[in-house]
Amino acid sequence: MIPTTFRSAVGAALTVAVSAVLLPATAANAADGTKAQPRTANAATIESFSRIADAVLTERTAAIVDGKPARRAATLGDRKVRVSAKLARAESGAVSSLGKRKARLAALGEAYSAGDTKATVNEARVQGDRATVQVTETTTLRYAKVRGDEPATTGFEAHHEMTLARTSAGTWELTGLRSTDDGPVAINEPRTPAVATADALPSAKPAATKKPSTPQAKPPGTTGLNYKAMATYAEKYWKNYNPAYRKFNDAGGDCTNFVSQALKAGGWKHDSGTYDDYRNWWYDSSYQSLSWVGANEWSWFTLHHKRATNLANVYYMGVGDVMQMDFDRDGSKDHTMMTTYRSSSGVPYLTYHSVNTYRKSVASIIASYPNALYYAYRV
């Protein structure tokens with residue numbers, strides 16, 4: 001790590017050349033019609049993914065620091081990993097928004113004189129021509145002595161997920177980058193993370209939170225689904241996790257993974273396909289789709305396939321229904337919960353992971369987060 005200068009930044013084209021030998025193409029799988037199974041990337045590919053993550057995240061850090069950051073030349077080679085044109089445009093907007101944040105900080109009497117960002121790849125999974133990469137960012141910022149009583153530095157660890165696509169030439173393009181952390185965003189994290197998508201995404205409708213004067217009758221269920229089984233599963237494993245499934249508490253939260261498990265227990269069927277396409281929903285012994293574990297991706301999958309409809313009021317939820325929250329109203333859903341009990345007076349009670357909770361009333365949740373956006377789904 002370089003203590004007072006930035007690591008090499010993305011540059012105008014957001015392109016990083018690397019001397020890595022990339023994974024072989026999957027022609028054999030395509031020829032016999034076999035679906036490519038997810039596998040761990042080799043060391044050379046992981047290094048190239050680390051370089052592009054380092055470059056993009058360093059560019060974000062540079063946007064909030066005073067002065068012009070020093071740059072180091074990238075190691076050149078005959079293979080490249082680059083940011084896709086679409087994501088480059090999104091990142092340009094993200095960096096611009098961070099410049100505005102820097103100005104707001106200055107108005108509040110705070111500035112940073114230097115910083116350092118380092119990206120470390122924790123896991124890189126490749127399936128066919130797609131890769132999903134889990135990255136830990138470690139950033140240190142040095143306070144400018146605006147008032148004179150500031151500490152020397154501040155620092156944080158943030159977690160991100162990158163999605164990449166292999167080009168016909170065998171190189172990789174970074175197509176998406178999103179934070180996987182809960183809670184307040186890091187100082188260099190754009191308000192709305194840059195994620196490139198091919199299609200317009202299904203949009204959930206916020207639900208009202210005022211209790212109706214008269215309780216609504218329990219909504220009708222979907223034929224073939226067992227809502228009691230969903231609730232029974234959730235209430236069995238709300239604290240003692242099912243060992244048959246992986247945990248995601250240290251990778252942004254386990255809430256959506258837990259709800260997906262309960263839905264499967266009640267009759268939801270897998271929808272196979274690539275793991276980074278929100279239109280697919282599945283889990284196996286080695287990996288899972290993003291929609292299985294991601295709050296936003298779950299919502300997009302669910303609404304796209306009409307596995308659920310949005311309810312107009314959170315008090316309309318019945319057993320097995322799902323509620324999501326956007327804590328800071330930034331357009332990104334932060335938490336997923338399941339209704340496992342409904343009182344005779346029409347109050348839903350939610351059970352969820354992260355923090356592990358059993359039968360918490362929707363009223364108590366609303367009282368704690370009166371300004372959040374709420375989304376209710378009849379599954």
# chains A, B, ... in the order shown; residues from 1 in each chain; ligands from 1
call {"tool": "residues_around", "arguments": {"residues": "Trp281 (chain A)", "least_positions_apart": "6", "cutoff": "7 Å", "atoms": "only C-alpha atoms", "output": "JSON, numbers by chain"}}
result
{"A": [270, 271, 272, 289, 291, 292]}
call {"tool": "residues_around", "arguments": {"residues": "Leu141 (chain A)", "least_positions_apart": "3", "cutoff": "10 Å", "atoms": "only C-alpha atoms", "output": "list in words"}}
result
Pro3, Thr4, Thr61, Ile64, Val65, Ala111, Tyr112, Ser113, Ala114, Gly115, Asp116, Thr117, Ala144, Ala152, Thr153, Thr154, Gly155, Phe156 and Ile187 of chain A
call {"tool": "write_last_selection", "arguments": {"atoms": "C-alpha atoms", "output": "PDB file, in the first residue's frame"}}
result
ATOM      1  CA  PRO A   3       0.474   5.677   2.284  1.00  0.00           C
ATOM      2  CA  THR A   4       0.074   9.168   0.835  1.00  0.00           C
ATOM      3  CA  THR A  61     -11.580   8.060  -4.026  1.00  0.00           C
ATOM      4  CA  ILE A  64     -13.269  13.412  -2.922  1.00  0.00           C
ATOM      5  CA  VAL A  65      -9.625  14.340  -2.227  1.00  0.00           C
ATOM      6  CA  ALA A 111     -11.563  17.945   3.550  1.00  0.00           C
ATOM      7  CA  TYR A 112      -9.071  15.192   2.750  1.00  0.00           C
ATOM      8  CA  SER A 113      -5.504  15.942   1.705  1.00  0.00           C
ATOM      9  CA  ALA A 114      -4.560  12.446   0.511  1.00  0.00           C
ATOM     10  CA  GLY A 115      -5.868   8.931   0.308  1.00  0.00           C
ATOM     11  CA  ASP A 116      -5.098   5.382  -0.653  1.00  0.00           C
ATOM     12  CA  THR A 117      -7.418   2.688  -1.987  1.00  0.00           C
ATOM     13  CA  ALA A 144      -6.754  18.142   5.809  1.00  0.00           C
ATOM     14  CA  ALA A 152      -4.725  12.167  11.351  1.00  0.00           C
ATOM     15  CA  THR A 153      -6.731   9.702   9.265  1.00  0.00           C
ATOM     16  CA  THR A 154     -10.016   7.915   8.734  1.00  0.00           C
ATOM     17  CA  GLY A 155     -10.446   4.550   7.076  1.00  0.00           C
ATOM     18  CA  PHE A 156     -12.958   1.903   6.099  1.00  0.00           C
ATOM     19  CA  ILE A 187     -17.655   8.314   1.697  1.00  0.00           C
TER      20      ILE A 187
END
call {"tool": "closest_atom_pairs", "arguments": {"of": "region 217-274 of chain A", "to": "region 316-340 of chain A", "cutoff": "8 Å", "atoms": "only C-alpha atoms", "output": "JSON lines"}}
result
{"residue": "A:Ala217", "atom": "CA", "partner": "A:Tyr316", "partner_atom": "CA", "distance": 7.9}
{"residue": "A:Lys218", "atom": "CA", "partner": "A:Gly318", "partner_atom": "CA", "distance": 5.7}
{"residue": "A:Pro219", "atom": "CA", "partner": "A:Gly318", "partner_atom": "CA", "distance": 6.4}
{"residue": "A:Tyr227", "atom": "CA", "partner": "A:Gly320", "partner_atom": "CA", "distance": 5.0}
{"residue": "A:Lys228", "atom": "CA", "partner": "A:Val319", "partner_atom": "CA", "distance": 7.1}
{"residue": "A:Met230", "atom": "CA", "partner": "A:Gly320", "partner_atom": "CA", "distance": 5.8}
{"residue": "A:Ala231", "atom": "CA", "partner": "A:Thr340", "partner_atom": "CA", "distance": 4.6}
{"residue": "A:Thr232", "atom": "CA", "partner": "A:Thr340", "partner_atom": "CA", "distance": 7.6}
{"residue": "A:Ala234", "atom": "CA", "partner": "A:Thr340", "partner_atom": "CA", "distance": 7.3}
{"residue": "A:Glu235", "atom": "CA", "partner": "A:Thr340", "partner_atom": "CA", "distance": 7.3}
{"residue": "A:Cys255", "atom": "CA", "partner": "A:Thr336", "partner_atom": "CA", "distance": 5.5}
{"residue": "A:Thr256", "atom": "CA", "partner": "A:Thr336", "partner_atom": "CA", "distance": 5.4}
{"residue": "A:Val259", "atom": "CA", "partner": "A:Met338", "partner_atom": "CA", "distance": 6.4}
{"residue": "A:Leu263", "atom": "CA", "partner": "A:Gly320", "partner_atom": "CA", "distance": 7.8}
call {"tool": "atom_distance", "arguments": {"atom1": "CA of Ala103 (chain A)", "atom2": "CA of Val56 (chain A)"}}
result
21.1 Å
call {"tool": "closest_residue", "arguments": {"among": "A:Leu290, A:Val146, A:Ala244, A:Ala204", "to": "His304 (chain A)", "atoms": "only C-alpha atoms"}}
result
A:Ala204
